[in-house]
file run19.cif (mmCIF, C-alpha atoms)
data_work
loop_
_atom_site.label_atom_id
_atom_site.label_comp_id
_atom_site.auth_asym_id
_atom_site.auth_seq_id
_atom_site.Cartn_x
_atom_site.Cartn_y
_atom_site.Cartn_z
CA MET R 1 0.00 0.00 0.00
CA LEU R 2 2.79 2.36 0.84
CA TRP R 3 4.52 1.75 -2.51
CA GLU R 4 1.23 2.27 -4.37
CA ALA R 5 0.77 5.68 -2.71
CA VAL R 6 4.30 6.72 -3.65
CA ARG R 7 3.76 5.65 -7.27
CA ARG R 8 0.55 7.69 -7.55
CA LEU R 9 2.24 10.77 -6.09
CA ARG R 10 5.05 10.52 -8.65
CA MET R 11 2.52 10.21 -11.47
CA ARG R 12 0.76 13.39 -10.36
CA ARG R 13 4.07 15.29 -10.33
CA VAL R 14 4.63 14.34 -13.98
CA ILE R 15 1.09 14.74 -15.32
CA LEU R 16 0.25 18.13 -13.75
CA PRO R 17 3.11 20.11 -15.36
CA VAL R 18 2.31 18.53 -18.73
CA LEU R 19 -1.33 19.59 -18.43
CA VAL R 20 -0.30 23.12 -17.51
CA VAL R 21 1.95 23.34 -20.58
CA LEU R 22 -0.80 22.04 -22.86
CA VAL R 23 -3.28 24.53 -21.49
CA LEU R 24 -0.84 27.43 -21.99
CA ILE R 25 -0.13 26.31 -25.56
CA GLY R 26 -3.87 26.24 -26.25
CA VAL R 27 -4.34 29.70 -24.85
CA GLY R 28 -1.39 30.98 -26.90
CA CYS R 29 -2.83 29.53 -30.07
CA GLN R 30 -6.18 31.13 -29.39
CA LYS R 31 -4.53 34.49 -28.81
CA LYS R 32 -2.50 34.14 -32.01
CA GLU R 33 -5.62 33.21 -33.98
CA LYS R 34 -7.41 36.29 -32.68
CA LYS R 35 -4.53 38.59 -33.62
CA ASP R 36 -4.07 37.04 -37.08
CA LYS R 37 -7.37 38.25 -38.52
CA LEU R 38 -8.22 37.95 -42.19
CA LYS R 39 -6.74 40.75 -44.29
CA THR R 40 -6.55 41.44 -48.02
CA SER R 41 -4.43 43.76 -50.12
CA ILE R 42 -4.58 45.07 -53.69
CA THR R 43 -1.82 46.06 -56.13
CA PRO R 44 -1.61 48.59 -57.57
CA LYS R 45 -3.57 50.72 -55.12
CA GLY R 46 -5.31 52.69 -57.85
CA GLY R 47 -3.56 55.65 -59.48
CA THR R 48 -3.43 57.53 -62.77
CA PHE R 49 -2.75 55.75 -66.06
CA PHE R 50 -2.63 56.60 -69.73
CA PRO R 51 -6.00 56.08 -71.49
CA GLY R 52 -6.33 52.57 -72.94
CA THR R 53 -3.70 51.04 -70.64
CA GLN R 54 -4.49 47.49 -69.52
CA VAL R 55 -3.71 47.68 -65.80
CA ASP R 56 -2.95 44.30 -64.18
CA VAL R 57 -4.63 44.13 -60.76
CA LYS R 58 -4.08 41.51 -58.05
CA ILE R 59 -5.93 40.97 -54.75
CA SER R 60 -4.19 38.77 -52.17
CA ALA R 61 -5.07 37.45 -48.70
CA ASN R 62 -3.00 36.58 -45.64
CA ARG R 63 -4.76 33.20 -45.20
CA GLN R 64 -5.36 30.09 -47.26
CA ASN R 65 -8.78 29.01 -48.60
CA VAL R 66 -10.09 32.58 -48.92
CA THR R 67 -12.67 33.64 -51.52
CA VAL R 68 -12.35 37.16 -52.92
CA TYR R 69 -15.41 38.91 -54.35
CA TYR R 70 -14.75 41.90 -56.62
CA ARG R 71 -16.45 44.14 -59.16
CA ILE R 72 -15.25 46.73 -61.65
CA ALA R 73 -16.97 50.07 -62.26
CA GLY R 74 -20.09 49.05 -60.36
CA GLY R 75 -20.65 45.92 -62.47
CA SER R 76 -21.61 42.44 -61.34
CA TRP R 77 -19.68 40.74 -58.57
CA ALA R 78 -17.13 38.13 -59.61
CA SER R 79 -15.24 35.79 -57.30
CA GLY R 80 -12.20 33.59 -57.11
CA ASP R 81 -9.80 31.96 -54.70
CA ALA R 82 -7.16 34.38 -53.38
CA PRO R 83 -5.05 35.60 -54.98
CA VAL R 84 -7.25 36.78 -57.86
CA SER R 85 -5.97 38.68 -60.90
CA PHE R 86 -7.80 40.75 -63.50
CA GLN R 87 -7.33 43.84 -65.68
CA VAL R 88 -8.79 47.34 -65.56
CA THR R 89 -8.82 49.80 -68.46
CA GLY R 90 -10.51 53.06 -69.36
CA ASN R 91 -10.72 55.91 -71.85
CA GLU R 92 -9.61 59.53 -71.43
CA GLY R 93 -11.34 61.04 -68.41
CA ASP R 94 -12.63 57.74 -66.96
CA SER R 95 -12.46 57.04 -63.22
CA ILE R 96 -12.86 53.30 -62.58
CA ASP R 97 -13.69 52.04 -59.08
CA VAL R 98 -12.69 48.53 -58.00
CA ASN R 99 -14.61 47.17 -54.99
CA TRP R 100 -13.81 43.95 -53.14
CA TYR R 101 -14.31 41.93 -49.98
CA ALA R 102 -13.26 38.46 -48.83
CA GLU R 103 -14.63 35.51 -46.90
CA GLN R 104 -13.16 32.40 -45.32
CA LYS R 105 -15.49 29.44 -44.74
CA ASP R 106 -15.22 26.33 -42.59
CA PRO R 107 -14.51 23.52 -45.11
CA ASN R 108 -16.67 21.11 -43.13
CA THR R 109 -19.73 23.19 -42.32
CA GLY R 110 -19.57 25.91 -44.99
CA ASP R 111 -20.03 28.55 -42.30
CA VAL R 112 -18.23 31.89 -42.74
CA VAL R 113 -15.53 32.03 -40.07
CA ALA R 114 -13.77 35.27 -41.11
CA MET R 115 -14.46 38.30 -43.30
CA ASP R 116 -12.54 41.30 -44.58
CA ALA R 117 -15.07 44.05 -45.45
CA SER R 118 -18.46 43.05 -46.89
CA GLU R 119 -20.67 43.40 -49.95
CA GLN R 120 -22.48 46.29 -48.25
CA LYS R 121 -19.21 48.00 -47.19
CA PRO R 122 -16.46 46.80 -49.53
CA HIS R 123 -12.91 48.10 -49.95
CA THR R 124 -12.51 50.57 -52.83
CA VAL R 125 -9.67 51.96 -54.94
CA THR R 126 -9.95 54.16 -58.01
CA PHE R 127 -8.06 54.03 -61.30
CA TYR R 128 -7.93 57.31 -63.23
CA PHE R 129 -7.20 57.38 -66.95
CA ARG R 130 -5.70 60.70 -67.98
CA ASP R 131 -3.31 61.88 -70.67
CA LYS R 132 -0.96 63.79 -68.34
CA ALA R 133 1.27 66.62 -69.47
CA PRO R 134 5.01 65.85 -69.37
CA THR R 135 7.18 66.80 -66.40
CA VAL R 136 10.31 68.96 -66.47
CA THR R 137 13.16 68.84 -63.96
CA ILE R 138 16.28 71.03 -63.71
CA SER R 139 18.90 69.94 -61.19
CA PRO R 140 20.46 70.91 -58.92
CA ARG R 141 17.79 73.22 -57.58
CA SER R 142 18.07 77.00 -57.58
CA GLY R 143 20.42 78.50 -54.99
CA ASN R 144 23.82 79.89 -54.08
CA TYR R 145 26.78 77.60 -54.74
CA SER R 146 30.47 77.84 -53.89
CA GLN R 147 31.51 76.75 -57.38
CA ARG R 148 30.18 76.53 -60.91
CA MET R 149 28.77 73.21 -62.08
CA THR R 150 27.11 71.11 -64.76
CA ILE R 151 23.30 71.42 -64.79
CA THR R 152 21.02 68.61 -65.95
CA ILE R 153 17.71 69.30 -67.69
CA SER R 154 15.30 66.40 -68.11
CA ALA R 155 11.73 65.75 -69.19
CA SER R 156 9.56 62.66 -68.85
CA ASP R 157 6.24 61.56 -70.25
CA ASP R 158 5.24 58.54 -68.17
CA ASP R 159 2.00 57.93 -70.06
CA GLY R 160 4.00 57.19 -73.22
CA SER R 161 1.92 59.34 -75.54
CA GLY R 162 4.51 59.42 -78.33
CA THR R 163 7.19 61.96 -79.20
CA LEU R 164 8.48 64.11 -76.35
CA THR R 165 10.16 67.46 -77.09
CA LEU R 166 12.40 69.25 -74.59
CA GLU R 167 13.33 72.90 -75.16
CA TYR R 168 15.77 74.91 -73.06
CA GLN R 169 17.65 78.21 -72.94
CA THR R 170 20.46 79.63 -70.79
CA SER R 171 21.37 83.12 -69.61
CA LYS R 172 24.08 84.84 -67.55
CA ASP R 173 21.85 87.62 -66.29
CA GLY R 174 18.33 86.14 -66.40
CA GLN R 175 17.29 88.67 -69.05
CA ASN R 176 19.24 87.98 -72.24
CA TRP R 177 18.61 84.38 -73.23
CA SER R 178 20.37 82.09 -75.65
CA SER R 179 18.65 80.62 -78.69
CA THR R 180 16.44 77.61 -77.96
CA THR R 181 18.00 74.15 -78.01
CA THR R 182 15.62 71.27 -78.78
CA VAL R 183 15.97 67.61 -77.80
CA THR R 184 13.43 64.94 -78.82
CA GLY R 185 12.72 61.42 -77.61
CA THR R 186 9.89 59.23 -76.38
CA GLN R 187 9.32 58.79 -72.65
CA ASN R 188 12.50 60.38 -71.24
CA VAL R 189 14.87 62.97 -72.67
CA SER R 190 17.68 64.95 -71.03
CA ALA R 191 20.49 67.38 -71.71
CA THR R 192 23.33 69.02 -69.75
CA VAL R 193 24.74 72.54 -69.79
CA ASP R 194 27.91 73.83 -68.16
CA TRP R 195 28.10 76.95 -66.04
CA THR R 196 31.62 78.06 -66.91
CA ASP R 197 31.86 81.76 -66.03
CA GLY R 198 30.03 84.70 -64.50
CA TYR R 199 28.57 85.25 -61.05
CA GLY R 200 25.16 83.93 -62.03
CA PHE R 201 23.67 81.39 -64.41
CA HIS R 202 20.05 80.79 -65.37
CA VAL R 203 18.41 77.84 -67.10
CA ARG R 204 14.83 77.53 -68.27
CA ALA R 205 13.05 74.66 -70.01
CA ARG R 206 9.69 73.30 -71.12
CA ALA R 207 8.45 70.02 -72.59
CA THR R 208 5.69 69.17 -75.06
CA ASP R 209 4.21 65.76 -75.89
CA SER R 210 2.73 64.55 -79.18
CA LYS R 211 -0.71 65.84 -78.16
CA GLN R 212 0.73 69.34 -77.69
CA GLN R 213 0.42 69.24 -73.92
CA SER R 214 3.18 71.45 -72.50
CA THR R 215 4.76 71.90 -69.08
CA PRO R 216 4.46 74.41 -67.59
CA SER R 217 2.61 75.88 -70.66
CA PRO R 218 3.28 76.54 -74.35
CA THR R 219 4.37 80.11 -73.54
CA ASP R 220 6.02 79.68 -70.12
CA TRP R 221 9.12 77.98 -68.72
CA VAL R 222 10.40 76.09 -65.69
CA GLN R 223 13.37 78.17 -64.51
CA ASN R 224 16.27 77.65 -62.09
CA ASP R 225 18.63 80.41 -60.99
CA TYR R 226 22.19 79.81 -59.77
CA TYR R 227 24.57 82.26 -58.09
CA LEU R 228 28.11 82.01 -56.77
CA LYS R 229 28.44 82.06 -52.99
CA PHE R 230 31.46 83.89 -51.59
CA ASP R 231 33.35 83.36 -48.33
CA PHE R 232 34.25 86.99 -47.68
CA LEU R 233 36.14 86.26 -44.45
CA SER R 234 38.40 83.71 -46.14
CA MET R 235 39.03 86.10 -49.01
CA CYS R 236 40.14 88.85 -46.62
CA GLN R 237 42.38 86.49 -44.69
CA ASP R 238 43.90 85.32 -47.97
CA LEU R 239 44.61 88.96 -48.79
CA LEU R 240 46.45 89.29 -45.49
CA SER R 241 48.53 86.21 -46.35
CA LEU R 242 49.63 87.80 -49.65
CA ILE R 243 50.44 91.08 -47.94
CA ASN R 244 52.45 89.31 -45.24
CA GLN R 245 54.36 87.39 -47.92
CA GLU R 246 55.40 90.73 -49.41
CA ARG R 247 56.35 92.04 -45.97
CA GLN R 248 58.42 88.93 -45.30
CA ASN R 249 60.22 89.39 -48.62
CA GLN R 250 61.17 92.86 -47.40
CA GLY R 251 62.22 91.66 -43.94
CA ILE R 252 59.19 93.23 -42.22
CA SER R 253 57.26 91.56 -39.39
CA PRO R 254 53.86 90.17 -40.44
CA LEU R 255 50.61 91.96 -39.72
CA GLN R 256 48.26 90.31 -37.23
CA TRP R 257 44.55 89.75 -37.94
CA TYR R 258 42.45 92.01 -35.70
CA SER R 259 38.86 90.77 -35.52
CA ALA R 260 37.25 93.98 -34.26
CA MET R 261 38.73 95.95 -37.15
CA ALA R 262 37.76 93.21 -39.61
CA ASP R 263 34.15 93.18 -38.36
CA ALA R 264 33.91 96.95 -38.80
CA CYS R 265 35.40 96.74 -42.30
CA GLN R 266 33.05 93.94 -43.35
CA GLU R 267 30.02 95.88 -42.16
CA HIS R 268 31.20 99.04 -43.93
CA ALA R 269 31.83 97.14 -47.17
CA GLU R 270 28.31 95.68 -47.12
CA GLN R 271 26.62 98.99 -46.28
CA SER R 272 28.69 100.80 -48.91
CA TYR R 273 27.59 98.26 -51.51
CA VAL R 274 23.93 98.63 -50.55
CA GLY R 275 24.21 102.42 -50.59
CA ASN R 276 26.25 102.36 -53.83
CA THR R 277 28.78 104.80 -52.28
CA ASP R 278 32.49 105.15 -53.00
CA GLY R 279 33.32 102.88 -50.05
CA MET R 280 35.67 105.33 -48.36
CA PRO R 281 35.92 105.17 -44.54
CA THR R 282 34.48 108.69 -44.09
CA THR R 283 31.59 108.15 -46.50
CA PRO R 284 28.47 106.90 -44.66
CA GLY R 285 27.06 103.59 -45.79
CA ALA R 286 23.38 102.85 -46.38
CA ASP R 287 22.88 102.74 -42.59
CA GLY R 288 24.40 106.23 -42.12
CA LYS R 289 27.55 105.04 -40.36
CA ILE R 290 31.19 105.80 -41.17
CA LEU R 291 34.11 103.47 -40.49
CA TRP R 292 35.58 105.19 -37.40
CA ASP R 293 35.01 108.23 -35.22
CA ASP R 294 36.26 111.26 -37.14
CA GLY R 295 35.04 113.79 -34.57
CA SER R 296 32.08 114.92 -36.67
CA GLY R 297 29.47 113.23 -34.50
CA THR R 298 28.51 110.82 -37.29
CA PRO R 299 27.72 107.28 -36.06
CA TYR R 300 30.70 104.96 -36.59
CA ARG R 301 31.67 101.31 -36.49
CA PHE R 302 35.16 101.12 -34.93
CA ASP R 303 36.12 102.94 -31.72
CA ARG R 304 39.81 103.86 -31.86
CA LYS R 305 39.90 105.07 -28.27
CA GLN R 306 38.36 101.91 -26.89
CA HIS R 307 41.01 99.80 -28.63
CA LYS R 308 43.76 102.37 -27.95
CA MET R 309 44.76 102.17 -31.56
CA SER R 310 46.35 104.51 -34.08
CA ILE R 311 44.87 103.61 -37.44
CA PHE R 312 44.95 104.10 -41.17
CA GLY R 313 42.07 103.03 -43.38
CA THR R 314 40.88 103.00 -46.95
CA GLY R 315 38.05 101.74 -49.12
CA PHE R 316 37.70 101.22 -52.87
CA ARG R 317 35.40 99.64 -55.41
CA ASP R 318 35.75 98.13 -58.86
CA PRO R 319 33.90 95.44 -60.89
CA ASP R 320 37.12 93.46 -61.43
CA LEU R 321 38.20 93.04 -57.79
CA TYR R 322 36.73 89.55 -57.50
CA SER R 323 39.95 87.90 -56.22
CA VAL R 324 42.69 88.79 -53.75
CA GLN R 325 45.25 88.62 -56.56
CA LYS R 326 43.28 91.29 -58.40
CA VAL R 327 43.18 93.42 -55.24
CA VAL R 328 46.97 93.23 -54.79
CA GLU R 329 47.49 94.15 -58.46
CA TYR R 330 45.05 97.03 -58.09
CA LEU R 331 46.78 98.39 -54.97
CA LYS R 332 50.25 98.14 -56.50
CA GLN R 333 49.13 99.93 -59.66
CA TRP R 334 46.59 102.49 -58.47
CA GLY R 335 47.03 102.69 -54.70
CA GLN R 336 50.73 103.15 -54.18
CA ASN R 337 50.10 105.21 -51.04
CA ILE R 338 47.96 102.42 -49.61
CA TRP R 339 50.53 99.79 -50.56
CA SER R 340 53.29 101.74 -48.86
CA LYS R 341 51.19 101.80 -45.69
CA LEU R 342 50.70 98.04 -45.94
CA MET R 343 54.49 97.66 -46.07
CA ASP R 344 55.09 100.14 -43.20
CA PRO R 345 56.84 98.36 -40.29
CA GLN R 346 55.08 100.47 -37.63
CA TYR R 347 51.69 98.87 -38.39
CA GLN R 348 51.00 95.73 -36.40
CA TYR R 349 47.34 94.93 -36.96
CA PHE R 350 45.18 94.33 -40.00
CA GLY R 351 41.44 94.08 -40.62
CA ALA R 352 39.57 93.93 -43.92
CA GLY R 353 36.11 93.36 -45.34
CA CYS R 354 34.76 92.83 -48.84
CA TYR R 355 31.32 92.46 -50.36
CA PHE R 356 29.52 91.73 -53.59
CA ASP R 357 26.02 90.45 -54.34
CA PRO R 358 25.71 88.58 -57.66
CA LYS R 359 21.94 89.20 -57.56
CA GLY R 360 22.30 92.95 -57.06
CA SER R 361 22.21 95.75 -59.60
CA ASN R 362 25.49 97.19 -58.24
CA LYS R 363 28.24 95.44 -60.21
CA ASN R 364 31.14 96.73 -58.08
CA TRP R 365 33.18 94.75 -55.60
CA TYR R 366 33.81 96.71 -52.38
CA TRP R 367 36.93 96.36 -50.26
CA VAL R 368 37.65 98.13 -46.95
CA ILE R 369 41.00 97.90 -45.10
CA LEU R 370 42.13 99.06 -41.66
CA LEU R 371 45.70 99.12 -40.33
CA GLY R 372 46.63 99.87 -36.74
CA TYR R 373 49.36 100.00 -34.15
CA LYS R 374 49.52 100.56 -30.42
#
call {"tool": "encode", "arguments": {"input": "run19.cif", "output": "structure tokens"}}
result
Amino acid sequence: MLWEAVRRLRMRRVILPVLVVLVLIGVGCQKKEKKDKLKTSITPKGGTFFPGTQVDVKISANRQNVTVYYRIAGGSWASGDAPVSFQVTGNEGDSIDVNWYAEQKDPNTGDVVAMDASEQKPHTVTFYFRDKAPTVTISPRSGNYSQRMTITISASDDDGSGTLTLEYQTSKDGQNWSSTTTVTGTQNVSATVDWTDGYGFHVRARATDSKQQSTPSPTDWVQNDYYLKFDFLSMCQDLLSLINQERQNQGISPLQWYSAMADACQEHAEQSYVGNTDGMPTTPGADGKILWDDGSGTPYRFDRKQHKMSIFGTGFRDPDLYSVQKVVEYLKQWGQNIWSKLMDPQYQYFGAGCYFDPKGSNKNWYWVILLGYK
């Protein structure tokens, strides 16, 4: 009797954990079944197509043994086992609706065990049949760039309506345009142009398909505008490097960059450009300020007394002063007095500013220089 009791106890210890595991597995399966509900999907999900195109449509389900019911343009319902495939087509201006729903039935009883949508509330996508106008793209996009580049002009006619014509023109100023260049093809055509000189470059284009549909219109253009972007601070510091090289050649100590003077010069160069003045230190810029306090009571940018500085300054303008090499040549040829100051051993500090706007009507480059010693 004692051994029989022990045997039964051991059996219970084995059977109970197994039952628990089986129950948990059953619960997990039920939960998974509830989460994995019947779903269908359609490809393509509607869209716009060229008139007469035979669009291949497919409706799929995430389960086996699923019946899909579908209709086209409000017609009679058709059905088939998922996945089902069919075609949709239309004429110019047609909008074709495709409706569908799905059912899964118990193979033994024939009862519906799962549904996705219903005949009363089906899923719907729409296929539009339109002869679209071609598209035009000019890249890169409009903007300011640190260097000139090659620009790509392209046109596409995805509906494949026959010959595609791309027209484009270029300009340096956005007003005087080149003669029209024409490129023809079928669905995709492209061309490239090089921006090789000038501060600005402008490209405009349009495309026309065989049905005379034009983008943006037969009389208008898609246009991109490109301008050079200048690093004025780097240019001024490069100028200092050239000046110091000349000083070194003459056995003179190099000038040191003085940020406060440079900031004042940069501001004066910009305001002189905007005001279209001569750029001289004592000539007020567009904001009414001069470069330093000259005792006249006019607002100024650099305070000599605060910095305890003895200074010399100058400003000049010219359309050709677009590089530091040009500035050095200009000073040596036309500004001998300024150049002699730049080579003067008593001056210790240097600040400069320059400005030019390739979009502006003022075509002059402005340069402002300050020298100082303590």
call {"tool": "closest_atom_pairs", "arguments": {"input": "run19.cif", "of": "stretch 159-237 of chain R", "to": "stretch 324-336 of chain R", "cutoff": "10 Å", "atoms": "all atoms listed in the file", "output": "tab-separated table"}}
result
residue	atom	partner	partner_atom	distance
R:Met235	CA	R:Val324	CA	6.6
R:Cys236	CA	R:Val324	CA	7.6
R:Gln237	CA	R:Val324	CA	9.4
call {"tool": "atom_distance", "arguments": {"input": "run19.cif", "atom1": "atom CA of R:Ile138", "atom2": "atom CA of R:Gln213"}}
result
18.9 Å
call {"tool": "resolve_selection", "arguments": {"input": "run19.cif", "expression": "the PyMOL selection byres ((chain R and resi 160-173) around 6)", "output": "list of chain:residue names"}}
result
R:Asp157, R:Asp158, R:Asp159, R:Gly174, R:Gln175, R:Asn176, R:Trp177, R:Ser178, R:Thr180, R:Thr181, R:Thr182, R:Val183, R:Thr184, R:Gly185, R:Thr186, R:Gln187, R:Gly200, R:Phe201, R:His202, R:Val203, R:Arg204, R:Ala205, R:Arg206, R:Ala207, R:Thr208, R:Asp209, R:Ser210
call {"tool": "write_last_selection", "arguments": {"input": "run19.cif", "atoms": "C-alpha atoms", "output": "compact mmCIF listing (two decimals), in the coordinates of the input"}}
result
# COMPACT_ATOMS: atom_id res chain seq x y z
CA ASP R 157 6.24 61.56 -70.25
CA ASP R 158 5.24 58.54 -68.17
CA ASP R 159 2.00 57.93 -70.06
CA GLY R 174 18.33 86.14 -66.40
CA GLN R 175 17.29 88.67 -69.05
CA ASN R 176 19.24 87.98 -72.24
CA TRP R 177 18.61 84.38 -73.23
CA SER R 178 20.37 82.09 -75.65
CA THR R 180 16.44 77.61 -77.96
CA THR R 181 18.00 74.15 -78.01
CA THR R 182 15.62 71.27 -78.78
CA VAL R 183 15.97 67.61 -77.80
CA THR R 184 13.43 64.94 -78.82
CA GLY R 185 12.72 61.42 -77.61
CA THR R 186 9.89 59.23 -76.38
CA GLN R 187 9.32 58.79 -72.65
CA GLY R 200 25.16 83.93 -62.03
CA PHE R 201 23.67 81.39 -64.41
CA HIS R 202 20.05 80.79 -65.37
CA VAL R 203 18.41 77.84 -67.10
CA ARG R 204 14.83 77.53 -68.27
CA ALA R 205 13.05 74.66 -70.01
CA ARG R 206 9.69 73.30 -71.12
CA ALA R 207 8.45 70.02 -72.59
CA THR R 208 5.69 69.17 -75.06
CA ASP R 209 4.21 65.76 -75.89
CA SER R 210 2.73 64.55 -79.18
call {"tool": "atom_distance", "arguments": {"input": "run19.cif", "atom1": "atom CA of R:Met280", "atom2": "atom CA of R:Lys305"}}
result
20.5 Å
call {"tool": "closest_residue", "arguments": {"input": "run19.cif", "among": "R:Asp294, R:Glu246, R:Glu119, R:Asp320", "to": "R:Pro345", "atoms": "all atoms listed in the file"}}
result
R:Glu246
call {"tool": "closest_residue", "arguments": {"input": "run19.cif", "among": "R:Glu103, R:Ala73, R:Ile153, R:Leu291", "to": "R:Val222", "atoms": "only C-alpha atoms"}}
result
R:Ile153
call {"tool": "decode", "arguments": {"input": "run19.cif", "residues": "stretch 125-136 of chain R", "atoms": "N, CA, C and O atoms", "output": "compact mmCIF listing (two decimals), in the first residue's frame"}}
result
# COMPACT_ATOMS: atom_id res chain seq x y z
N VAL R 125 -10.74 51.13 -54.39
CA VAL R 125 -9.67 51.96 -54.94
C VAL R 125 -10.13 52.45 -56.30
O VAL R 125 -11.02 51.85 -56.93
N THR R 126 -9.52 53.55 -56.76
CA THR R 126 -9.95 54.16 -58.01
C THR R 126 -8.77 54.27 -58.98
O THR R 126 -7.67 54.68 -58.60
N PHE R 127 -9.04 53.92 -60.22
CA PHE R 127 -8.06 54.03 -61.30
C PHE R 127 -8.50 55.16 -62.24
O PHE R 127 -9.62 55.13 -62.78
N TYR R 128 -7.63 56.15 -62.38
CA TYR R 128 -7.93 57.31 -63.23
C TYR R 128 -7.16 57.16 -64.55
O TYR R 128 -5.98 56.81 -64.56
N PHE R 129 -7.84 57.47 -65.64
CA PHE R 129 -7.20 57.38 -66.95
C PHE R 129 -7.15 58.78 -67.55
O PHE R 129 -8.17 59.36 -67.93
N ARG R 130 -5.92 59.32 -67.54
CA ARG R 130 -5.70 60.70 -67.98
C ARG R 130 -4.45 60.76 -68.86
O ARG R 130 -3.45 60.09 -68.59
N ASP R 131 -4.49 61.60 -69.87
CA ASP R 131 -3.31 61.88 -70.67
C ASP R 131 -2.58 63.04 -70.00
O ASP R 131 -2.88 64.20 -70.26
N LYS R 132 -1.63 62.76 -69.12
CA LYS R 132 -0.96 63.79 -68.34
C LYS R 132 0.05 64.56 -69.19
O LYS R 132 0.65 64.01 -70.11
N ALA R 133 0.23 65.82 -68.84
CA ALA R 133 1.27 66.62 -69.47
C ALA R 133 2.64 66.12 -69.00
O ALA R 133 2.76 65.57 -67.91
N PRO R 134 3.68 66.30 -69.79
CA PRO R 134 5.01 65.85 -69.37
C PRO R 134 5.54 66.65 -68.19
O PRO R 134 5.03 67.73 -67.88
N THR R 135 6.55 66.10 -67.53
CA THR R 135 7.18 66.80 -66.40
C THR R 135 8.56 67.28 -66.82
O THR R 135 9.22 66.66 -67.66
N VAL R 136 8.99 68.38 -66.20
CA VAL R 136 10.31 68.96 -66.47
C VAL R 136 11.06 69.11 -65.15
O VAL R 136 10.50 69.60 -64.17
